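The file model_36.tsv contains TSV, C-alpha atoms:
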```tsv
chain	number	residue	atom	x	y	z
A	1	MET	CA	0.00	0.00	0.00
A	2	LEU	CA	2.93	2.36	0.71
A	3	TYR	CA	0.58	4.52	2.81
A	4	ALA	CA	-1.57	5.23	-0.23
A	5	LEU	CA	-4.37	3.02	-1.55
A	6	ASP	CA	-4.57	2.38	-5.25
A	7	ARG	CA	-7.85	3.00	-7.08
A	8	SER	CA	-9.09	-0.58	-6.84
A	9	GLN	CA	-8.44	-0.70	-3.10
A	10	LEU	CA	-10.19	2.61	-2.56
A	11	LYS	CA	-13.15	1.52	-4.68
A	12	ARG	CA	-13.48	-1.70	-2.68
A	13	LEU	CA	-13.40	0.23	0.57
A	14	ARG	CA	-16.07	2.65	-0.60
A	15	ARG	CA	-18.36	-0.22	-1.55
A	16	ARG	CA	-18.47	-1.60	2.00
A	17	ASP	CA	-21.72	-1.60	3.97
A	18	LEU	CA	-22.05	1.65	5.94
A	19	VAL	CA	-23.79	-0.13	8.83
A	20	PHE	CA	-21.56	-1.14	11.74
A	21	GLU	CA	-22.74	-4.48	13.12
A	22	PHE	CA	-22.38	-5.76	16.68
A	23	ARG	CA	-23.38	-9.41	17.00
A	24	GLY	CA	-23.86	-11.08	20.38
A	25	ALA	CA	-23.42	-7.82	22.26
A	26	GLU	CA	-23.55	-8.55	25.99
A	27	MET	CA	-24.92	-5.54	27.86
A	28	LEU	CA	-25.67	-4.62	31.48
A	29	SER	CA	-27.70	-1.39	31.66
A	30	ALA	CA	-29.07	0.78	34.44
A	31	GLN	CA	-31.64	3.55	33.93
A	32	PHE	CA	-32.23	6.15	36.63
A	33	ARG	CA	-33.67	9.54	37.44
A	34	THR	CA	-31.22	12.30	38.22
A	35	ASP	CA	-31.33	15.96	39.25
A	36	PRO	CA	-33.17	18.15	36.69
A	37	ASP	CA	-30.99	21.16	37.55
A	38	VAL	CA	-27.88	19.12	36.79
A	39	VAL	CA	-29.34	18.10	33.42
A	40	LYS	CA	-30.11	21.72	32.50
A	41	ALA	CA	-26.60	22.81	33.44
A	42	ILE	CA	-24.90	20.08	31.43
A	43	LEU	CA	-26.85	19.95	28.17
A	44	PRO	CA	-25.23	22.12	25.48
A	45	LYS	CA	-27.47	24.15	23.21
A	46	PRO	CA	-29.39	23.45	21.00
A	47	LEU	CA	-30.29	20.40	23.13
A	48	GLY	CA	-32.93	20.79	25.79
A	49	PRO	CA	-34.05	18.67	28.77
A	50	ALA	CA	-36.70	15.98	28.41
A	51	ASP	CA	-39.89	15.88	30.48
A	52	GLU	CA	-38.18	13.57	32.98
A	53	PRO	CA	-34.54	13.91	34.12
A	54	LEU	CA	-33.55	10.43	32.96
A	55	ALA	CA	-30.05	9.04	32.61
A	56	GLN	CA	-28.62	5.70	31.60
A	57	ALA	CA	-25.34	3.89	32.18
A	58	PHE	CA	-24.14	0.61	30.75
A	59	VAL	CA	-21.21	-1.76	30.51
A	60	ALA	CA	-20.98	-3.84	27.34
A	61	ARG	CA	-18.82	-6.46	25.67
A	62	TYR	CA	-18.78	-6.75	21.87
A	63	PRO	CA	-17.29	-10.12	20.85
A	64	GLU	CA	-18.05	-9.82	17.13
A	65	THR	CA	-18.22	-6.80	14.81
A	66	ASN	CA	-18.01	-6.30	11.05
A	67	PHE	CA	-15.12	-3.83	11.35
A	68	GLY	CA	-12.44	-6.14	12.70
A	69	VAL	CA	-12.52	-5.15	16.38
A	70	SER	CA	-13.71	-6.93	19.52
A	71	TYR	CA	-13.83	-4.72	22.59
A	72	SER	CA	-15.63	-3.62	25.74
A	73	GLU	CA	-17.02	-0.23	26.71
A	74	GLY	CA	-18.93	1.67	29.34
A	75	ALA	CA	-21.17	4.68	28.82
A	76	LEU	CA	-23.20	7.41	30.50
A	77	PHE	CA	-26.07	9.22	28.76
A	78	LEU	CA	-28.57	11.95	29.67
A	79	ARG	CA	-32.06	12.12	28.18
A	80	ALA	CA	-32.34	15.15	25.89
A	81	VAL	CA	-34.60	16.65	23.24
A	82	TYR	CA	-33.86	18.35	19.94
A	83	LYS	CA	-36.82	19.91	18.11
A	84	GLU	CA	-39.27	17.70	20.02
A	85	GLU	CA	-37.38	14.48	19.21
A	86	PRO	CA	-36.14	12.69	22.35
A	87	GLY	CA	-32.76	11.01	22.40
A	88	TRP	CA	-29.71	10.41	24.55
A	89	TYR	CA	-26.80	12.84	24.92
A	90	CYS	CA	-23.56	10.94	25.50
A	91	LEU	CA	-21.43	12.27	28.37
A	92	ALA	CA	-18.79	9.55	28.57
A	93	MET	CA	-17.84	6.38	26.73
A	94	PRO	CA	-14.63	4.68	27.93
A	95	VAL	CA	-13.40	1.80	25.77
A	96	ASP	CA	-10.49	-0.65	25.90
A	97	ASN	CA	-9.49	-0.60	22.22
A	98	ASP	CA	-7.82	2.27	20.38
A	99	MET	CA	-9.49	1.60	17.03
A	100	ALA	CA	-12.92	1.54	18.65
A	101	MET	CA	-12.05	4.87	20.24
A	102	VAL	CA	-10.82	6.47	17.02
A	103	GLY	CA	-13.79	5.28	14.95
A	104	GLY	CA	-16.43	6.44	17.40
A	105	ARG	CA	-14.79	9.81	18.02
A	106	GLU	CA	-13.74	10.77	14.51
A	107	GLN	CA	-16.84	9.68	12.60
A	108	PHE	CA	-19.68	10.31	15.04
A	109	GLY	CA	-18.33	12.44	17.88
A	110	TYR	CA	-18.69	9.94	20.73
A	111	PRO	CA	-16.56	11.17	23.67
A	112	LYS	CA	-14.50	7.97	23.85
A	113	LYS	CA	-11.36	7.58	25.94
A	114	ILE	CA	-9.20	4.55	26.71
A	115	ALA	CA	-9.78	2.78	30.03
A	116	GLU	CA	-7.34	0.30	31.49
A	117	GLU	CA	-10.00	-2.13	32.71
A	118	ILE	CA	-13.57	-2.82	31.57
A	119	THR	CA	-15.12	-6.08	32.76
A	120	LEU	CA	-18.52	-7.72	32.51
A	121	GLU	CA	-18.78	-10.91	34.54
A	122	ARG	CA	-21.72	-13.21	35.16
A	123	ASN	CA	-21.87	-15.98	37.75
A	124	GLY	CA	-25.27	-17.65	37.59
A	125	ASP	CA	-27.83	-14.93	38.21
A	126	HIS	CA	-25.27	-12.47	39.53
A	127	VAL	CA	-23.68	-10.03	37.09
A	128	ILE	CA	-21.18	-7.21	37.61
A	129	GLY	CA	-19.96	-4.56	35.17
A	130	ARG	CA	-16.98	-2.35	36.00
A	131	VAL	CA	-14.99	0.45	34.37
A	132	VAL	CA	-11.62	1.48	35.78
A	133	ARG	CA	-9.86	4.49	34.33
A	134	ARG	CA	-6.64	6.08	35.58
A	135	GLY	CA	-6.79	3.95	38.68
A	136	VAL	CA	-10.37	4.87	39.66
A	137	GLU	CA	-13.42	2.64	39.33
A	138	VAL	CA	-15.66	5.30	37.81
A	139	LEU	CA	-18.59	2.98	36.96
A	140	HIS	CA	-19.94	-0.09	38.78
A	141	ILE	CA	-23.22	-1.83	37.94
A	142	GLU	CA	-24.26	-4.93	39.85
A	143	ALA	CA	-27.45	-6.96	39.67
A	144	GLU	CA	-29.12	-10.16	40.84
A	145	LEU	CA	-31.21	-11.27	37.88
A	146	THR	CA	-34.75	-12.38	38.70
A	147	ASP	CA	-37.26	-11.71	35.90
A	148	PRO	CA	-37.42	-12.00	32.10
A	149	VAL	CA	-37.60	-8.77	30.10
A	150	GLY	CA	-40.00	-8.37	27.21
A	151	GLY	CA	-42.90	-6.45	25.76
A	152	ALA	CA	-43.54	-3.15	27.50
A	153	ASP	CA	-40.34	-3.52	29.56
A	154	LEU	CA	-38.36	-2.89	26.38
A	155	ASP	CA	-39.94	0.54	26.01
A	156	ALA	CA	-37.22	1.76	28.39
A	157	VAL	CA	-34.71	0.89	25.65
A	158	GLY	CA	-36.49	2.67	22.80
A	159	PRO	CA	-39.55	2.60	20.55
A	160	ALA	CA	-40.38	-0.59	18.63
A	161	VAL	CA	-39.47	-0.47	14.92
A	162	SER	CA	-38.31	-2.88	12.21
A	163	ASP	CA	-34.66	-3.20	11.27
A	164	LEU	CA	-33.22	-3.16	7.73
A	165	GLU	CA	-34.29	-6.80	7.23
A	166	GLY	CA	-37.79	-6.24	8.61
A	167	ARG	CA	-37.13	-7.84	12.00
A	168	PRO	CA	-38.52	-6.29	15.21
A	169	CYS	CA	-36.04	-4.20	17.14
A	170	ARG	CA	-35.72	-1.09	19.29
A	171	LYS	CA	-34.52	2.30	18.02
A	172	VAL	CA	-32.16	4.38	20.14
A	173	VAL	CA	-31.27	7.94	19.07
A	174	SER	CA	-27.99	9.43	20.29
A	175	PHE	CA	-27.09	13.12	20.19
A	176	LEU	CA	-23.38	13.87	19.85
A	177	PHE	CA	-21.25	16.93	19.24
A	178	LYS	CA	-18.54	16.63	16.64
A	179	PHE	CA	-15.72	19.16	16.83
A	180	SER	CA	-11.99	19.55	16.42
A	181	ARG	CA	-9.69	21.91	18.27
A	182	SER	CA	-7.77	24.24	15.95
A	183	PRO	CA	-4.01	23.72	15.57
A	184	ASP	CA	-3.21	26.97	17.37
A	185	GLY	CA	-5.32	25.89	20.38
A	186	ARG	CA	-7.42	29.05	20.36
A	187	GLY	CA	-10.72	27.68	19.08
A	188	PHE	CA	-12.23	25.12	16.73
A	189	ASP	CA	-11.36	24.06	13.18
A	190	PHE	CA	-15.01	24.39	12.26
A	191	VAL	CA	-18.25	25.32	14.00
A	192	PRO	CA	-19.12	22.35	16.28
A	193	ARG	CA	-21.88	20.19	14.83
A	194	LEU	CA	-24.72	18.32	16.46
A	195	VAL	CA	-24.89	14.76	15.12
A	196	ARG	CA	-27.92	12.48	15.27
A	197	GLU	CA	-27.01	8.80	15.23
A	198	VAL	CA	-29.34	5.77	15.44
A	199	VAL	CA	-28.58	2.28	16.75
A	200	LEU	CA	-31.10	-0.53	16.20
A	201	PHE	CA	-31.11	-2.99	19.10
A	202	ARG	CA	-32.46	-6.46	18.30
A	203	PRO	CA	-32.81	-8.50	21.51
A	204	ARG	CA	-32.14	-12.18	21.77
A	205	ASP	CA	-34.20	-14.40	24.09
A	206	ASP	CA	-32.08	-14.09	27.23
A	207	LEU	CA	-32.97	-10.60	28.48
A	208	ARG	CA	-33.49	-10.42	32.23
A	209	SER	CA	-33.92	-7.74	34.86
A	210	GLY	CA	-33.25	-7.68	38.56
A	211	ASN	CA	-32.37	-5.76	41.66
A	212	GLY	CA	-28.98	-4.24	42.16
A	213	LYS	CA	-26.97	-1.08	42.44
A	214	LEU	CA	-25.32	1.57	40.32
A	215	GLU	CA	-22.27	3.44	41.56
A	216	MET	CA	-20.53	6.25	39.70
A	217	VAL	CA	-17.45	8.00	41.02
A	218	SER	CA	-15.75	11.18	39.86
A	219	SER	CA	-12.05	11.56	39.26
A	220	PRO	CA	-10.31	14.71	38.00
A	221	TYR	CA	-10.42	13.13	34.53
A	222	ASP	CA	-13.87	11.50	34.49
A	223	PRO	CA	-16.60	13.33	36.47
A	224	LEU	CA	-19.25	10.59	36.21
A	225	GLY	CA	-20.11	11.00	39.89
A	226	ASP	CA	-21.35	14.52	39.19
A	227	ILE	CA	-24.56	12.91	37.87
A	228	PRO	CA	-26.56	12.00	41.01
A	229	VAL	CA	-28.59	8.80	41.10
A	230	ARG	CA	-31.92	9.95	42.57
A	231	ASP	CA	-34.02	6.89	41.68
A	232	LEU	CA	-32.67	3.66	40.20
A	233	MET	CA	-35.54	2.62	37.94
A	234	ASN	CA	-34.34	-0.64	36.42
A	235	ILE	CA	-31.32	-2.80	35.68
A	236	SER	CA	-31.32	-5.22	32.77
A	237	TYR	CA	-28.88	-7.69	31.26
A	238	GLY	CA	-28.85	-9.70	28.05
A	239	THR	CA	-27.52	-10.25	24.57
A	240	TRP	CA	-28.33	-8.12	21.56
A	241	ASP	CA	-27.60	-7.89	17.84
A	242	ASN	CA	-27.09	-4.19	17.14
A	243	ASP	CA	-26.86	-2.17	13.92
A	244	MET	CA	-25.18	1.22	14.13
A	245	LEU	CA	-26.52	3.35	11.28
A	246	PRO	CA	-24.76	6.29	9.58
A	247	GLY	CA	-25.08	9.54	11.46
A	248	ARG	CA	-25.99	12.94	10.08
A	249	VAL	CA	-25.47	16.55	11.06
A	250	ILE	CA	-28.74	18.11	12.21
A	251	ALA	CA	-27.55	21.46	13.61
A	252	ARG	CA	-24.55	23.66	14.21
A	253	VAL	CA	-23.58	25.39	17.44
A	254	THR	CA	-24.45	29.08	17.19
A	255	ASN	CA	-22.07	30.14	19.98
A	256	PRO	CA	-18.77	28.21	19.77
A	257	ALA	CA	-17.23	30.26	22.58
A	258	GLY	CA	-20.11	29.27	24.88
A	259	PHE	CA	-19.85	25.65	23.77
A	260	ALA	CA	-16.15	25.50	24.68
A	261	ARG	CA	-16.90	24.67	28.33
A	262	HIS	CA	-18.62	21.45	27.18
A	263	ALA	CA	-15.76	20.49	24.86
A	264	MET	CA	-13.03	19.73	27.38
A	265	PHE	CA	-13.92	16.16	28.35
A	266	LYS	CA	-12.61	14.16	25.39
A	267	GLY	CA	-9.13	14.57	26.84
A	268	ASP	CA	-7.51	14.56	30.27
A	269	TYR	CA	-5.58	17.82	30.21
A	270	VAL	CA	-8.23	19.83	32.06
A	271	GLY	CA	-8.44	17.17	34.78
A	272	TRP	CA	-4.66	17.13	35.14
A	273	PHE	CA	-4.55	20.93	35.28
A	274	GLN	CA	-7.36	21.21	37.82
A	275	ASP	CA	-5.75	18.53	39.98
A	276	LYS	CA	-2.55	20.54	40.36
A	277	GLY	CA	-2.04	22.97	43.21
A	278	GLU	CA	-1.09	26.57	42.52
A	279	ASP	CA	2.46	25.87	43.73
A	280	GLU	CA	2.82	23.02	41.20
A	281	LEU	CA	2.18	25.16	38.14
A	282	PRO	CA	4.29	28.00	36.74
A	283	PRO	CA	2.63	31.41	37.07
A	284	PRO	CA	0.74	32.36	33.90
A	285	PRO	CA	2.12	35.27	31.85
A	286	ASN	CA	0.25	38.55	32.04
A	287	ARG	CA	-1.77	39.85	29.10
A	288	ARG	CA	1.05	41.89	27.62
A	289	GLU	CA	3.52	39.01	27.89
A	290	ARG	CA	1.03	36.59	26.31
A	291	ALA	CA	0.59	38.95	23.37
A	292	ARG	CA	4.36	39.28	22.97
A	293	ARG	CA	4.88	35.51	23.07
A	294	TRP	CA	2.06	34.94	20.56
A	295	LYS	CA	3.53	37.48	18.13
A	296	THR	CA	6.99	35.93	18.46
A	297	MET	CA	5.65	32.42	17.84
A	298	GLN	CA	4.12	33.51	14.54
A	299	GLU	CA	7.61	34.39	13.28
A	300	TYR	CA	8.93	30.82	13.50
```
Go through the file and emit its structure as structure tokens.
Amino acid sequence: MLYALDRSQLKRLRRRDLVFEFRGAEMLSAQFRTDPDVVKAILPKPLGPADEPLAQAFVARYPETNFGVSYSEGALFLRAVYKEEPGWYCLAMPVDNDMAMVGGREQFGYPKKIAEEITLERNGDHVIGRVVRRGVEVLHIEAELTDPVGGADLDAVGPAVSDLEGRPCRKVVSFLFKFSRSPDGRGFDFVPRLVREVVLFRPRDDLRSGNGKLEMVSSPYDPLGDIPVRDLMNISYGTWDNDMLPGRVIARVTNPAGFARHAMFKGDYVGWFQDKGEDELPPPPNRRERARRWKTMQEY
């Protein structure tokens, strides 16, 4: 290839199916009510809060995909609305594979970061999902499975629709913000875009629910614990066949400077910076010195 595809290779790549498939996806999910004031403070415009302050966390293992990667991930979502359509705004999505991270971030805008440990373990009716990142267990879901899940219980996942082959499934809409920091570090390459992305969840016959607990902990790098668990509504576990459909841009951020405060959580620099004491950091240059340094840097 010599770091450049020839025309036949590029043509073959472009002819691939644009649907990302996840077969036999093992998922442990917890849905809960949180603080409505927290939801309002976190959601970036043009998203708005839903009627209920709902949130959802999960730990998943994907043993088979059609893009050459098997991996595990965790996630945290808030319920949100855009132009009267409800969906889920993704706050965090740690993964344990770099290609899964790159694909989700660069194409769709999922805020993926690498975690050193993501586990989903089942022993009989007892199941535990864990995410450990930078030495902190930021997400822990645990359940004792008791009842089968079906029918109306699946409404918590999403509305009933048919998939591309006409089979019954559930539709889940995610809202994501796609953006890129500019090379000079002073803004964005382009106006941040709101992306709508749909995943079709087709359940297998082993879905079960039960009683358990959800624990989220904040670290300087992953503030999951900032989302309070007011009412744990349900925990479910099972296997799914999922189709991740192409996303599309549905809006652009009208105030990039105001959006910047929401754009700092795809990396760890802010957490590292905030975790340092004043005596551990060099004093910042004053305004005049910053201007001088900036002018000098442009001459290189």
With all atoms listed in the file counted and 10 Å as the cut-off, give the residues of segment 135-243 of chain A in contact with segment 64-86 of chain A, each with its shortest interatomic distance in Å and the pair that gives it, as a tab-separated table.
```
residue	atom	partner	partner_atom	distance
A:Val138	CA	A:Gly74	CA	9.8
A:Leu139	CA	A:Gly74	CA	7.7
A:His140	CA	A:Gly74	CA	9.7
A:Val172	CA	A:Pro86	CA	9.5
A:Val173	CA	A:Pro86	CA	7.6
A:Ser174	CA	A:Phe77	CA	8.7
A:Phe175	CA	A:Ala80	CA	8.0
A:Leu194	CA	A:Tyr82	CA	9.8
A:Arg196	CA	A:Tyr82	CA	9.6
A:Met216	CA	A:Leu76	CA	9.6
A:Leu224	CA	A:Leu76	CA	7.6
A:Ile227	CA	A:Leu78	CA	9.2
A:Asp241	CA	A:Glu64	CA	9.8
A:Asn242	CA	A:Thr65	CA	9.5
A:Asp243	CA	A:Thr65	CA	9.8
```
Using all atoms listed in the file, the shortest atom-to-atom distance to Phe273 of chain A among A:Tyr221, A:Met27, A:Ile114, A:Phe22 belongs to A:Tyr221
Could I get the residues of segment 53-107 of chain A with an atom no further than 12 Å from an atom of segment 142-156 of chain A, each paired with its nearest atom pair and that distance in Å to one decimal, using only C-alpha atoms, sorted by chain and residue number, as a tab-separated table?
```
residue	atom	partner	partner_atom	distance
A:Leu54	CA	A:Ala156	CA	10.5
A:Ala55	CA	A:Ala156	CA	11.1
A:Gln56	CA	A:Ala156	CA	10.0
A:Ala57	CA	A:Glu142	CA	11.7
A:Phe58	CA	A:Glu142	CA	10.7
A:Val59	CA	A:Glu142	CA	10.3
A:Arg79	CA	A:Ala156	CA	11.6
A:Gly87	CA	A:Ala156	CA	11.9
```
Would you put the residues from that selection into a file with C-alpha atoms, as a PDB file, in the coordinates of the input?
```pdb
ATOM      1  CA  LEU A  54     -33.550  10.430  32.960  1.00  0.00           C
ATOM      2  CA  ALA A  55     -30.050   9.040  32.610  1.00  0.00           C
ATOM      3  CA  GLN A  56     -28.620   5.700  31.600  1.00  0.00           C
ATOM      4  CA  ALA A  57     -25.340   3.890  32.180  1.00  0.00           C
ATOM      5  CA  PHE A  58     -24.140   0.610  30.750  1.00  0.00           C
ATOM      6  CA  VAL A  59     -21.210  -1.760  30.510  1.00  0.00           C
ATOM      7  CA  ARG A  79     -32.060  12.120  28.180  1.00  0.00           C
ATOM      8  CA  GLY A  87     -32.760  11.010  22.400  1.00  0.00           C
TER       9      GLY A  87
END
```
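Closest approach to Gly24 of chain A among A:Asp268, A:Asp206, A:Glu299, A:Glu280: A:Asp206, based on all atoms listed in the file.
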Counting all atoms listed in the file, the residue of A:Val217, A:Leu13, A:Met99, A:Val253 that sits nearest Val132 of chain A: A:Val217
With only C-alpha atoms as the counted atoms, please give the residues lying no more than 10 Å from Asp226 of chain A, apart from itself and same-chain residues fewer than 3 positions off, as a list in words. Val38, Met216, Val217, Ser218, Ser219, Asp222, Pro223 and Val229 of chain A
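Closest to Ala92 of chain A among A:Val270, A:Ala291, A:Leu176, A:Ala251 is A:Leu176, based on all atoms listed in the file.
The shortest atom-to-atom distance to Val19 of chain A, with only C-alpha atoms taken into account, belongs to A:Pro246 out of A:Pro168, A:Pro285, A:Pro192, A:Pro246.
Here the question is which of A:Arg193, A:Arg105, A:Lys40, A:Lys171 gets nearest to Phe259 of chain A using only C-alpha atoms, and that residue is A:Arg193.
Computed from the coordinates, the atom CA of Gln274 of chain A to atom CA of Gly185 of chain A distance equals 18.2 Å.
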Place N, CA and C atoms on segment 167-194 of chain A and deliver the coordinates as a tab-separated table (two decimals), in the coordinates of the input.
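What follows is the written file out_3.tsv:
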```
chain	number	residue	atom	x	y	z
A	167	ARG	N	-36.98	-7.16	10.71
A	167	ARG	CA	-37.13	-7.84	12.00
A	167	ARG	C	-37.43	-6.83	13.11
A	168	PRO	N	-38.21	-7.22	14.13
A	168	PRO	CA	-38.52	-6.29	15.21
A	168	PRO	C	-37.28	-5.93	16.01
A	169	CYS	N	-37.18	-4.67	16.36
A	169	CYS	CA	-36.04	-4.20	17.14
A	169	CYS	C	-36.45	-2.93	17.87
A	170	ARG	N	-35.50	-2.34	18.57
A	170	ARG	CA	-35.72	-1.09	19.29
A	170	ARG	C	-34.78	-0.02	18.75
A	171	LYS	N	-35.30	1.18	18.56
A	171	LYS	CA	-34.52	2.30	18.02
A	171	LYS	C	-34.05	3.21	19.14
A	172	VAL	N	-32.75	3.48	19.15
A	172	VAL	CA	-32.16	4.38	20.14
A	172	VAL	C	-31.47	5.52	19.40
A	173	VAL	N	-31.85	6.75	19.70
A	173	VAL	CA	-31.27	7.94	19.07
A	173	VAL	C	-30.25	8.55	20.02
A	174	SER	N	-29.03	8.75	19.52
A	174	SER	CA	-27.99	9.43	20.29
A	174	SER	C	-27.73	10.80	19.70
A	175	PHE	N	-27.50	11.78	20.59
A	175	PHE	CA	-27.09	13.12	20.19
A	175	PHE	C	-25.64	13.32	20.59
A	176	LEU	N	-24.82	13.73	19.63
A	176	LEU	CA	-23.38	13.87	19.85
A	176	LEU	C	-22.91	15.19	19.26
A	177	PHE	N	-21.83	15.71	19.80
A	177	PHE	CA	-21.25	16.93	19.24
A	177	PHE	C	-19.89	16.59	18.63
A	178	LYS	N	-19.78	16.90	17.35
A	178	LYS	CA	-18.54	16.63	16.64
A	178	LYS	C	-17.78	17.94	16.47
A	179	PHE	N	-16.52	17.94	16.90
A	179	PHE	CA	-15.72	19.16	16.83
A	179	PHE	C	-14.25	18.78	16.84
A	180	SER	N	-13.43	19.74	16.45
A	180	SER	CA	-11.99	19.55	16.42
A	180	SER	C	-11.32	20.84	16.87
A	181	ARG	N	-10.42	20.73	17.83
A	181	ARG	CA	-9.69	21.91	18.27
A	181	ARG	C	-8.75	22.38	17.16
A	182	SER	N	-8.63	23.68	17.00
A	182	SER	CA	-7.77	24.24	15.95
A	182	SER	C	-6.30	24.02	16.30
A	183	PRO	N	-5.43	23.98	15.29
A	183	PRO	CA	-4.01	23.72	15.57
A	183	PRO	C	-3.36	24.74	16.50
A	184	ASP	N	-3.83	25.98	16.49
A	184	ASP	CA	-3.21	26.97	17.37
A	184	ASP	C	-3.78	26.93	18.78
A	185	GLY	N	-4.79	26.05	19.03
A	185	GLY	CA	-5.32	25.89	20.38
A	185	GLY	C	-6.24	26.99	20.84
A	186	ARG	N	-6.63	27.89	19.95
A	186	ARG	CA	-7.42	29.05	20.36
A	186	ARG	C	-8.91	28.93	20.04
A	187	GLY	N	-9.31	27.83	19.44
A	187	GLY	CA	-10.72	27.68	19.08
A	187	GLY	C	-10.95	26.35	18.41
A	188	PHE	N	-11.87	26.33	17.45
A	188	PHE	CA	-12.23	25.12	16.73
A	188	PHE	C	-11.86	25.24	15.25
A	189	ASP	N	-11.59	24.09	14.63
A	189	ASP	CA	-11.36	24.06	13.18
A	189	ASP	C	-12.60	24.48	12.41
A	190	PHE	N	-13.75	24.09	12.91
A	190	PHE	CA	-15.01	24.39	12.26
A	190	PHE	C	-16.06	24.56	13.36
A	191	VAL	N	-17.17	25.15	13.02
A	191	VAL	CA	-18.25	25.32	14.00
A	191	VAL	C	-18.70	23.94	14.48
A	192	PRO	N	-18.70	23.67	15.79
A	192	PRO	CA	-19.12	22.35	16.28
A	192	PRO	C	-20.50	21.97	15.78
A	193	ARG	N	-20.66	20.68	15.46
A	193	ARG	CA	-21.88	20.19	14.83
A	193	ARG	C	-22.59	19.20	15.73
A	194	LEU	N	-23.90	19.28	15.74
A	194	LEU	CA	-24.72	18.32	16.46
A	194	LEU	C	-25.05	17.17	15.51
```
